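To be precise, the following lines are final-v2.txt, and they hold compact mmCIF, C-alpha atoms and all ligand atoms.
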```
# COMPACT_ATOMS: atom_id res chain seq x y z
CA MET A 1 0.00 0.00 0.00
CA GLU A 2 1.29 3.48 -0.88
CA PRO A 3 2.09 5.72 2.09
CA ILE A 4 -0.50 8.45 2.70
CA PRO A 5 1.21 11.85 2.37
CA GLN A 6 1.24 14.10 5.45
CA HIS A 7 -0.92 17.16 4.86
CA THR A 8 1.17 20.32 4.72
CA GLY A 9 -1.79 22.59 5.44
CA LYS A 10 -0.77 24.55 2.33
CA LYS A 11 -2.94 25.03 -0.73
CA ILE A 12 -1.62 25.08 -4.31
CA CYS A 13 -3.54 26.15 -7.40
CA ILE A 14 -2.48 24.51 -10.68
CA VAL A 15 -3.56 26.55 -13.69
CA GLY A 16 -3.66 24.30 -16.75
CA ALA A 17 -4.11 21.22 -14.58
CA SER A 18 -5.55 18.92 -17.26
CA GLY A 19 -2.59 19.16 -19.67
CA LYS A 20 0.32 16.76 -19.75
CA LEU A 21 2.50 18.94 -17.55
CA GLY A 22 -0.44 19.92 -15.37
CA ARG A 23 -1.41 16.36 -14.48
CA TYR A 24 2.15 15.55 -13.44
CA MET A 25 2.13 18.67 -11.26
CA VAL A 26 -1.15 17.61 -9.66
CA GLN A 27 0.36 14.22 -8.79
CA HIS A 28 3.58 15.68 -7.36
CA ALA A 29 1.63 18.25 -5.35
CA LEU A 30 -0.67 15.58 -3.87
CA ASP A 31 2.35 13.37 -3.12
CA ARG A 32 3.79 16.26 -1.10
CA GLY A 33 0.62 16.68 0.91
CA TYR A 34 -0.66 19.92 -0.60
CA GLU A 35 -4.34 20.67 -0.94
CA VAL A 36 -4.76 21.05 -4.72
CA VAL A 37 -7.05 23.31 -6.71
CA GLY A 38 -6.98 22.94 -10.51
CA VAL A 39 -8.09 25.17 -13.37
CA CYS A 40 -8.79 23.71 -16.80
CA ARG A 41 -11.13 24.08 -19.73
CA GLU A 42 -14.64 22.68 -19.23
CA LYS A 43 -14.07 20.18 -22.04
CA SER A 44 -10.94 18.86 -20.32
CA VAL A 45 -12.30 18.31 -16.81
CA HIS A 46 -12.66 14.59 -17.57
CA LYS A 47 -8.87 14.32 -17.96
CA LEU A 48 -8.70 14.80 -14.20
CA ASP A 49 -11.12 11.98 -13.39
CA ASP A 50 -8.32 10.00 -11.74
CA TYR A 51 -8.16 12.74 -9.09
CA ALA A 52 -11.91 12.98 -8.45
CA GLY A 53 -12.57 13.70 -4.80
CA ARG A 54 -8.92 14.57 -4.15
CA ILE A 55 -8.73 17.97 -5.87
CA THR A 56 -11.09 20.90 -6.42
CA ILE A 57 -11.59 21.89 -10.05
CA HIS A 58 -12.55 25.29 -11.45
CA ALA A 59 -13.61 24.87 -15.06
CA GLY A 60 -12.81 27.66 -17.50
CA PHE A 61 -10.19 29.18 -19.73
CA THR A 62 -7.04 30.00 -17.85
CA ASN A 63 -7.16 33.65 -18.95
CA ASP A 64 -10.69 34.05 -17.58
CA ARG A 65 -10.10 36.51 -14.77
CA ASP A 66 -13.22 35.54 -12.82
CA VAL A 67 -12.22 31.88 -12.86
CA ILE A 68 -8.67 32.64 -11.77
CA GLU A 69 -9.83 35.00 -9.03
CA ARG A 70 -11.97 32.25 -7.52
CA ALA A 71 -9.41 29.49 -8.00
CA VAL A 72 -6.40 31.20 -6.43
CA GLU A 73 -8.26 32.49 -3.40
CA GLY A 74 -6.38 31.48 -0.25
CA CYS A 75 -3.66 29.62 -2.18
CA ASP A 76 -0.10 29.73 -0.87
CA ALA A 77 1.27 29.00 -4.33
CA VAL A 78 0.08 29.07 -7.93
CA LEU A 79 1.71 26.95 -10.64
CA ALA A 80 0.65 28.17 -14.10
CA VAL A 81 1.24 26.64 -17.52
CA LEU A 82 1.83 29.43 -20.02
CA ALA A 83 0.83 28.26 -23.49
CA PRO A 84 0.57 30.45 -26.59
CA TRP A 85 -2.84 29.27 -27.78
CA GLY A 86 -4.93 31.39 -30.15
CA VAL A 87 -4.50 35.10 -30.76
CA ASN A 88 -6.40 36.45 -27.74
CA ASP A 89 -3.49 36.96 -25.35
CA TYR A 90 -4.01 33.56 -23.74
CA ALA A 91 -0.60 33.27 -22.10
CA SER A 92 -0.26 36.92 -21.09
CA GLY A 93 -3.88 37.03 -19.91
CA THR A 94 -3.27 33.96 -17.78
CA ALA A 95 -0.07 35.37 -16.27
CA LYS A 96 -1.69 38.73 -15.55
CA ALA A 97 -4.75 37.22 -13.91
CA VAL A 98 -2.59 35.00 -11.70
CA MET A 99 -0.39 37.93 -10.61
CA ASP A 100 -3.38 40.23 -10.08
CA PHE A 101 -5.41 37.84 -7.93
CA ALA A 102 -2.93 35.60 -6.07
CA LYS A 103 -2.71 36.52 -2.42
CA PRO A 104 0.17 38.82 -1.51
CA GLY A 105 3.32 36.83 -0.85
CA ALA A 106 2.12 33.71 -2.67
CA ARG A 107 4.77 31.77 -4.59
CA LEU A 108 4.04 31.98 -8.30
CA VAL A 109 5.71 29.48 -10.63
CA PHE A 110 5.18 29.73 -14.39
CA SER A 111 6.18 27.34 -17.17
CA CYS A 112 7.51 28.18 -20.61
CA GLY A 113 10.29 27.03 -22.93
CA TRP A 114 13.96 27.80 -23.46
CA HIS A 115 13.06 30.31 -26.18
CA ILE A 116 12.07 32.87 -23.53
CA THR A 117 15.05 35.01 -22.56
CA ARG A 118 15.29 37.30 -19.57
CA ASP A 119 18.44 39.27 -20.31
CA GLY A 120 19.22 38.39 -23.93
CA LYS A 121 22.33 36.45 -22.90
CA ASP A 122 21.01 33.03 -23.90
CA ARG A 123 22.88 31.44 -26.81
CA TYR A 124 20.65 29.37 -29.04
CA SER A 125 21.57 26.65 -31.52
CA ARG A 126 20.55 27.07 -35.13
CA ASN A 127 17.90 24.36 -34.61
CA ILE A 128 16.25 26.20 -31.74
CA ARG A 129 16.33 29.50 -33.63
CA ALA A 130 14.72 27.86 -36.65
CA ALA A 131 12.04 26.16 -34.54
CA VAL A 132 11.14 29.44 -32.82
CA ALA A 133 11.06 31.36 -36.10
CA PHE A 134 8.74 28.72 -37.54
CA ALA A 135 6.49 28.78 -34.46
CA ARG A 136 6.27 32.60 -34.65
CA PHE A 137 5.42 32.35 -38.34
CA LEU A 138 2.47 30.09 -37.45
CA ARG A 139 0.61 33.08 -36.04
CA PHE A 140 -1.03 33.44 -39.43
CA THR A 141 -2.97 30.22 -38.67
CA ARG A 142 -4.43 32.01 -35.61
CA LEU A 143 -3.89 28.77 -33.66
CA ILE A 144 -0.82 29.94 -31.77
CA ASP A 145 0.82 33.26 -31.00
CA MET A 146 4.36 32.79 -29.76
CA ASN A 147 4.75 36.53 -29.29
CA ASP A 148 2.13 36.39 -26.58
CA GLN A 149 4.29 33.97 -24.58
CA TYR A 150 7.07 36.60 -24.78
CA ARG A 151 4.60 39.24 -23.57
CA ALA A 152 3.57 36.97 -20.71
CA ALA A 153 7.20 36.46 -19.70
CA ASP A 154 7.85 40.21 -19.78
CA LEU A 155 4.91 40.79 -17.43
CA VAL A 156 6.33 38.18 -15.07
CA PHE A 157 9.87 39.63 -15.21
CA LYS A 158 8.56 43.11 -14.36
CA SER A 159 6.39 41.86 -11.52
CA GLU A 160 7.23 42.40 -7.87
CA THR A 161 5.56 39.14 -6.91
CA ARG A 162 7.53 36.11 -5.68
CA TRP A 163 7.76 34.56 -9.14
CA THR A 164 9.85 31.90 -10.84
CA LEU A 165 9.67 31.31 -14.60
CA VAL A 166 10.79 27.77 -15.36
CA ARG A 167 12.11 27.36 -18.89
CA GLY A 168 11.69 23.80 -20.13
CA SER A 169 14.01 22.12 -22.64
CA ASP A 170 12.73 19.62 -25.19
CA LEU A 171 10.48 17.21 -23.32
CA GLU A 172 10.11 13.45 -23.34
CA GLU A 173 7.95 10.98 -21.48
CA GLY A 174 9.37 8.29 -19.20
CA PRO A 175 10.04 7.64 -15.54
CA SER A 176 11.58 10.31 -13.36
CA GLN A 177 15.32 10.91 -13.45
CA GLY A 178 15.13 13.19 -10.43
CA LEU A 179 15.09 16.94 -10.05
CA PRO A 180 16.45 18.56 -13.25
CA VAL A 181 19.63 20.61 -13.19
CA TRP A 182 19.34 24.25 -14.17
CA SER A 183 21.34 27.20 -15.33
CA ARG A 184 20.65 30.87 -15.98
CA HIS A 185 21.47 30.82 -19.67
CA VAL A 186 20.70 28.52 -22.54
CA GLY A 187 24.07 27.74 -24.10
CA ASP A 188 25.68 26.91 -20.73
CA PRO A 189 27.41 23.52 -21.11
CA ILE A 190 25.33 21.75 -18.47
CA LEU A 191 22.21 22.28 -20.58
CA GLU A 192 23.64 21.00 -23.84
CA SER A 193 21.68 17.71 -23.88
CA ASN A 194 18.40 19.67 -24.04
CA THR A 195 16.12 16.88 -22.81
CA THR A 196 13.92 16.73 -19.72
CA ARG A 197 11.36 14.15 -18.72
CA ARG A 198 7.99 15.88 -18.49
CA THR A 199 7.39 14.43 -15.03
CA ASP A 200 10.66 16.05 -13.88
CA PHE A 201 9.71 19.42 -15.37
CA ALA A 202 6.58 19.17 -13.21
CA LEU A 203 8.69 18.11 -10.22
CA PHE A 204 10.87 21.20 -10.66
CA MET A 205 7.76 23.42 -10.74
CA VAL A 206 6.42 21.92 -7.51
CA GLU A 207 9.77 21.91 -5.72
CA ALA A 208 10.25 25.58 -6.65
CA VAL A 209 7.38 26.42 -4.29
CA THR A 210 9.63 25.81 -1.30
CA ASP A 211 12.95 26.86 -2.86
CA ASP A 212 13.37 30.56 -2.13
CA SER A 213 16.65 30.63 -4.05
CA LEU A 214 14.52 30.43 -7.21
CA ILE A 215 12.50 33.55 -6.46
CA ARG A 216 12.81 35.99 -9.41
CA GLU A 217 14.89 33.51 -11.38
CA ALA A 218 14.19 32.10 -14.85
CA PRO A 219 15.97 28.72 -14.63
CA ALA A 220 16.53 26.85 -17.88
CA ILE A 221 16.30 23.17 -16.97
CA ASN A 222 17.75 19.93 -18.30
CA GLY A 223 17.39 16.28 -17.25
CA ARG A 224 19.53 15.27 -14.30
CA THR A 225 20.95 12.13 -15.93
CA THR A 226 21.50 13.51 -19.41
CA PRO A 227 25.12 13.39 -20.68
CA SER A 228 25.71 17.13 -20.33
CA ALA A 229 24.23 17.22 -16.82
CA LEU A 230 26.44 14.34 -15.70
CA ALA A 231 29.54 15.80 -17.36
CA HIS A 232 29.06 19.16 -15.64
CA ALA A 233 27.45 17.97 -12.40
CA SER A 234 29.74 20.09 -10.25
CA GLU A 235 28.38 23.25 -11.90
CA ALA A 236 24.76 22.35 -11.17
CA ALA A 237 22.86 25.18 -9.55
N1 LIG B 301 6.06 20.45 -25.54
C1 LIG B 301 7.34 20.74 -25.41
O1 LIG B 301 8.24 20.11 -26.02
C2 LIG B 301 7.77 21.84 -24.48
C3 LIG B 301 9.13 22.15 -24.40
C4 LIG B 301 9.54 23.13 -23.50
C5 LIG B 301 8.63 23.79 -22.72
N2 LIG B 301 7.30 23.50 -22.83
C6 LIG B 301 6.37 24.22 -21.97
O2 LIG B 301 5.73 23.28 -21.16
C7 LIG B 301 4.43 23.73 -20.82
C8 LIG B 301 3.46 22.61 -21.07
O3 LIG B 301 3.56 22.21 -22.40
P1 LIG B 301 3.18 20.74 -22.89
O4 LIG B 301 3.68 20.66 -24.29
O5 LIG B 301 3.64 19.73 -21.91
O6 LIG B 301 1.64 20.77 -23.02
P2 LIG B 301 0.50 20.53 -21.96
O7 LIG B 301 1.00 20.31 -20.63
O8 LIG B 301 -0.40 19.52 -22.54
O9 LIG B 301 -0.15 21.96 -21.88
C9 LIG B 301 -0.97 22.51 -22.78
C10 LIG B 301 -1.98 23.32 -22.00
O10 LIG B 301 -2.69 24.12 -22.90
C11 LIG B 301 -4.08 23.78 -22.87
N3 LIG B 301 -4.60 23.84 -24.23
C12 LIG B 301 -4.39 22.99 -25.25
N4 LIG B 301 -5.02 23.45 -26.36
C13 LIG B 301 -5.63 24.59 -26.00
C14 LIG B 301 -6.43 25.53 -26.68
N5 LIG B 301 -6.71 25.40 -27.97
N6 LIG B 301 -6.90 26.60 -26.00
C15 LIG B 301 -6.62 26.74 -24.70
N7 LIG B 301 -5.85 25.90 -23.99
C16 LIG B 301 -5.38 24.84 -24.65
C17 LIG B 301 -4.14 22.41 -22.28
O11 LIG B 301 -5.38 22.24 -21.68
P3 LIG B 301 -6.40 21.09 -22.08
O12 LIG B 301 -6.12 19.95 -21.16
O13 LIG B 301 -7.70 21.78 -21.85
O14 LIG B 301 -6.19 20.73 -23.53
C18 LIG B 301 -2.99 22.46 -21.28
O15 LIG B 301 -3.38 23.10 -20.10
C19 LIG B 301 4.22 25.01 -21.61
O16 LIG B 301 4.47 26.11 -20.78
C20 LIG B 301 5.27 24.94 -22.71
O17 LIG B 301 5.67 26.24 -23.13
C21 LIG B 301 6.86 22.53 -23.68
```
Represent the structure from my file as structure tokens, please.
Ligand SMILES: NC(=O)c1ccc[n+]([C@@H]2O[C@H](COP(=O)([O-])OP(=O)(O)OC[C@H]3O[C@@H](n4cnc5c(N)ncnc54)[C@H](OP(=O)(O)O)[C@@H]3O)[C@@H](O)[C@H]2O)c1
Amino acid sequence: MEPIPQHTGKKICIVGASGKLGRYMVQHALDRGYEVVGVCREKSVHKLDDYAGRITIHAGFTNDRDVIERAVEGCDAVLAVLAPWGVNDYASGTAKAVMDFAKPGARLVFSCGWHITRDGKDRYSRNIRAAVAFARFLRFTRLIDMNDQYRAADLVFKSETRWTLVRGSDLEEGPSQGLPVWSRHVGDPILESNTTRRTDFALFMVEAVTDDSLIREAPAINGRTTPSALAHASEAA
């Protein structure tokens, strides 16, 4: 029988809870004894059926300010998936609503990808630059708007909240390899392998809640057992 986690007495809101990253975050948060509140689209509530009775769900778009206001009430931390869907400021609207309504002092942890840069000192491979250029080009389809994820990140960087913006590398499925390593700049040798298990991305998001050294940081992460992480283990942050 699995051990029953001790309740921490702390409440976490997971915005984007039904997605692949979100469901891993829900599991890690429950494993750590947090009370969990999730936000997801009405049509995706069923993806959280495995957690019925163990989490509270607020159905709605993550940039719906009324939904976010209700969901984050009383939460000690908010973990938010920033995704560049559509052309209606989905990511920036989500980030803004979370920062506007989270209780003062709450830990706010946002997800994005390596393409986001805080200080312009990241060094990107040709492949990453090409992938980002292509993704930005796709705005014409009106399905995604990468520029809005940049706007969301800028709002976070300028905020005086207790934020962390976790920048995920390429993701893969598979069992956990442990807490990812991180560095401040893409291009740092420890990140070269550019591969993180999605469950470990989620683990990093949840662990960031209690890691004050990550406040106002934008860590770029990479799998703990990837070749570049092992080769440069002594430099791990
Ligand atoms: N995929 C990668 O290789 C990769 C790499 C680096 C970083 N990241 C970052 O990781 C985070 C999670 O990405 P993921 O790829 O793992 O995907 P994911 O967790 O499945 O997240 C996608 C989220 O967007 C929602 N969504 C999907 N289609 C939507 C739509 N048309 N309108 C509104 N919401 C919609 C999903 O909700 P539903 O459940 O309702 O569909 C889910 O909450 C993101 O912040 C992303 O930038 C991803």
- Task: List all protein, DNA and RNA residues that have at least one atom no more than 6 Å from any atom of ligand LIG 301 (chain B), counting all atoms listed in the file, and write them as a VMD selection string.
- Result: chain A and resid 16 to 22 40 to 41 44 81 to 83 85 111 to 113 168 to 171
- Task: For atom CA of Asp122 of chain A and atom CA of Glu172 of chain A, quote the distance in Å rounded to one decimal.
- Result: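 Computed distance, atom CA of Asp122 of chain A to atom CA of Glu172 of chain A, equals 22.4 Å.
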- Message: Residues near segment 33-37 of chain A, anyone? I mean within 8 Å using all atoms listed in the file, not counting same-chain ones fewer than 3 positions away, as a ChimeraX atom specification.
- Response: /A:5-14,26,29-30,54-58,71-72
- Task: Could you please determine the separation between atom CA of Arg167 of chain A and atom CA of Gly86 of chain A in Å, to one decimal place?
- Result: 20.8 Å
- Best match for closeness to Phe61 of chain A among A:Ile215, A:Val39, A:Glu160, A:Leu48, counting only C-alpha atoms: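 Among the listed residues, A:Val39 lies closest to Phe61 of chain A.
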- To one decimal place, how far is atom CA of Asn127 of chain A from atom CA of Ala218 of chain A in Å?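 Atom-to-atom, atom CA of Asn127 of chain A and atom CA of Ala218 of chain A are spaced 21.5 Å apart.
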- Between A:Val98, A:Val209, A:Val181, A:Val67, which has the minimum distance to Thr164 of chain A (counting all atoms listed in the file)?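 Checking each candidate against Thr164 of chain A, we get A:Val209 as the closest.
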- Identify, on the basis of all atoms listed in the file, every residue whose closest approach to Lys121 of chain A does not exceed 10 Å; exclude the query and any residue fewer than 6 positions from it along the same chain; express the result as a ChimeraX atom specification. /A:184-187
Could you write out the selected residues, including C-alpha atoms, as a PDB file, keeping the file's coordinate frame?
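Dumped everything to again.pdb:
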```pdb
ATOM      1  CA  ARG A 184      20.650  30.870 -15.980  1.00  0.00           C
ATOM      2  CA  HIS A 185      21.470  30.820 -19.670  1.00  0.00           C
ATOM      3  CA  VAL A 186      20.700  28.520 -22.540  1.00  0.00           C
ATOM      4  CA  GLY A 187      24.070  27.740 -24.100  1.00  0.00           C
TER       5      GLY A 187
END
```
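Of the listed residues A:Ala202, A:Leu191, A:Val87, A:Ala106, the one whose atoms come nearest to Asn147 of chain A is A:Val87, with distances taken using all atoms listed in the file.
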Using the partial input, fill out segment 65-81 of chain A with N, CA and C atoms; write the result as a tab-separated table (two decimals), in the frame of the given file.
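Contents of out26.tsv, as written:
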```tsv
chain	number	residue	atom	x	y	z
A	65	ARG	N	-10.50	35.89	-16.03
A	65	ARG	CA	-10.10	36.51	-14.77
A	65	ARG	C	-11.02	36.11	-13.60
A	66	ASP	N	-12.31	35.93	-13.90
A	66	ASP	CA	-13.22	35.54	-12.82
A	66	ASP	C	-12.88	34.14	-12.31
A	67	VAL	N	-12.57	33.26	-13.24
A	67	VAL	CA	-12.22	31.88	-12.86
A	67	VAL	C	-10.95	31.87	-12.03
A	68	ILE	N	-9.95	32.62	-12.50
A	68	ILE	CA	-8.67	32.64	-11.77
A	68	ILE	C	-8.86	33.28	-10.39
A	69	GLU	N	-9.62	34.34	-10.34
A	69	GLU	CA	-9.83	35.00	-9.03
A	69	GLU	C	-10.40	34.02	-8.00
A	70	ARG	N	-11.37	33.23	-8.45
A	70	ARG	CA	-11.97	32.25	-7.52
A	70	ARG	C	-10.99	31.13	-7.18
A	71	ALA	N	-10.26	30.67	-8.20
A	71	ALA	CA	-9.41	29.49	-8.00
A	71	ALA	C	-8.22	29.77	-7.08
A	72	VAL	N	-7.63	30.95	-7.20
A	72	VAL	CA	-6.40	31.20	-6.43
A	72	VAL	C	-6.67	31.71	-5.02
A	73	GLU	N	-7.93	31.94	-4.72
A	73	GLU	CA	-8.26	32.49	-3.40
A	73	GLU	C	-7.69	31.60	-2.27
A	74	GLY	N	-6.93	32.20	-1.41
A	74	GLY	CA	-6.38	31.48	-0.25
A	74	GLY	C	-5.23	30.54	-0.57
A	75	CYS	N	-4.75	30.56	-1.83
A	75	CYS	CA	-3.66	29.62	-2.18
A	75	CYS	C	-2.30	30.19	-1.79
A	76	ASP	N	-1.46	29.33	-1.26
A	76	ASP	CA	-0.10	29.73	-0.87
A	76	ASP	C	0.83	29.77	-2.07
A	77	ALA	N	0.46	29.03	-3.11
A	77	ALA	CA	1.27	29.00	-4.33
A	77	ALA	C	0.37	28.77	-5.53
A	78	VAL	N	0.80	29.31	-6.67
A	78	VAL	CA	0.08	29.07	-7.93
A	78	VAL	C	1.10	28.61	-8.95
A	79	LEU	N	0.85	27.46	-9.57
A	79	LEU	CA	1.71	26.95	-10.64
A	79	LEU	C	0.91	27.11	-11.93
A	80	ALA	N	1.44	27.86	-12.90
A	80	ALA	CA	0.65	28.17	-14.10
A	80	ALA	C	1.40	27.77	-15.37
A	81	VAL	N	0.70	27.02	-16.21
A	81	VAL	CA	1.24	26.64	-17.52
A	81	VAL	C	0.96	27.81	-18.47
```
